[in-house]
Amino acid sequence: MACFLVPAAEAVVTTIAAKAFESKEKEAETCQVCLDGAHLETVEKISFSRKLKWLNNLLWGGSALLAFEHVWHGEVVPWFPFLTAVSNPADAAQMVHEMATAGVGMAALVTVVWAGMIAAASVIEKRALKGAAAPGERM
């Protein structure tokens, strides 16, 4: 009924955090590695604010899709109180339970997938830096 509100709330928080981190970060860290004495290769490190934007995109996209699904099924309407479950106290209790179980579960799963993306990106960054530092191993 309103499970999409939990990932949307997390998306609001992470959007604000991304803006705060972005204002503190000056420029992306870059490493220039000399290859064969003349050629410089630049390896750029992905900033945390950019990684946090990945989470924002996942959360906002999932929330929008879920909101559309709830509108499609008539659970969200364009008039007050917007959520049909709020008009009945029994349905409101069920809605809160759904938000606490399904909504939190979806938000947590998206965050875990994002953490996996961050881990994979970290491995790729380390390989790129290691490969740039060892010119004999590159083709």
# chains A, B, ... in the order shown; residues from 1 in each chain; ligands from 1
call {"tool": "residues_around", "arguments": {"residues": "region 70-85 of chain A", "least_positions_apart": "3", "cutoff": "8 Å", "atoms": "only C-alpha atoms", "output": "NGL selection string"}}
result
:A and (1-2 or 66-67 or 88-89 or 91-92 or 95)
call {"tool": "closest_atom_pairs", "arguments": {"of": "region 37-87 of chain A", "to": "region 100-116 of chain A", "cutoff": "10 Å", "atoms": "only C-alpha atoms", "output": "Markdown table"}}
result
| residue | atom | partner | partner_atom | distance |
| --- | --- | --- | --- | --- |
| A:Lys51 | CA | A:Trp114 | CA | 8.6 |
| A:Leu52 | CA | A:Trp114 | CA | 8.8 |
| A:Trp54 | CA | A:Trp114 | CA | 7.4 |
| A:Leu55 | CA | A:Trp114 | CA | 6.0 |
| A:Asn56 | CA | A:Trp114 | CA | 9.7 |
| A:Leu58 | CA | A:Val110 | CA | 7.1 |
| A:Leu59 | CA | A:Val110 | CA | 7.1 |
| A:Gly62 | CA | A:Val110 | CA | 8.8 |
| A:Ser63 | CA | A:Ala107 | CA | 9.4 |
call {"tool": "closest_residue", "arguments": {"among": "A:Lys45, A:Arg127, A:His97, A:Arg50", "to": "Lys19 (chain A)", "atoms": "only C-alpha atoms"}}
result
A:Arg50
call {"tool": "closest_residue", "arguments": {"among": "A:Leu65, A:Ser87, A:Phe4, A:Ser49", "to": "Ala17 (chain A)", "atoms": "only C-alpha atoms"}}
result
A:Ser49
call {"tool": "atom_distance", "arguments": {"atom1": "CA of Ala121 (chain A)", "atom2": "CA of Ser47 (chain A)"}}
result
11.0 Å
call {"tool": "select_by_dssp", "arguments": {"residues": "chain A", "states": "alpha helix (DSSP H)", "output": "PyMOL selection string"}}
result
chain A and resi 5-24+48-72+89-98+104-133
call {"tool": "select_by_dssp", "arguments": {"residues": "chain A", "states": "strand (DSSP E)", "output": "PyMOL selection string"}}
result
chain A and resi 30-35+39-44
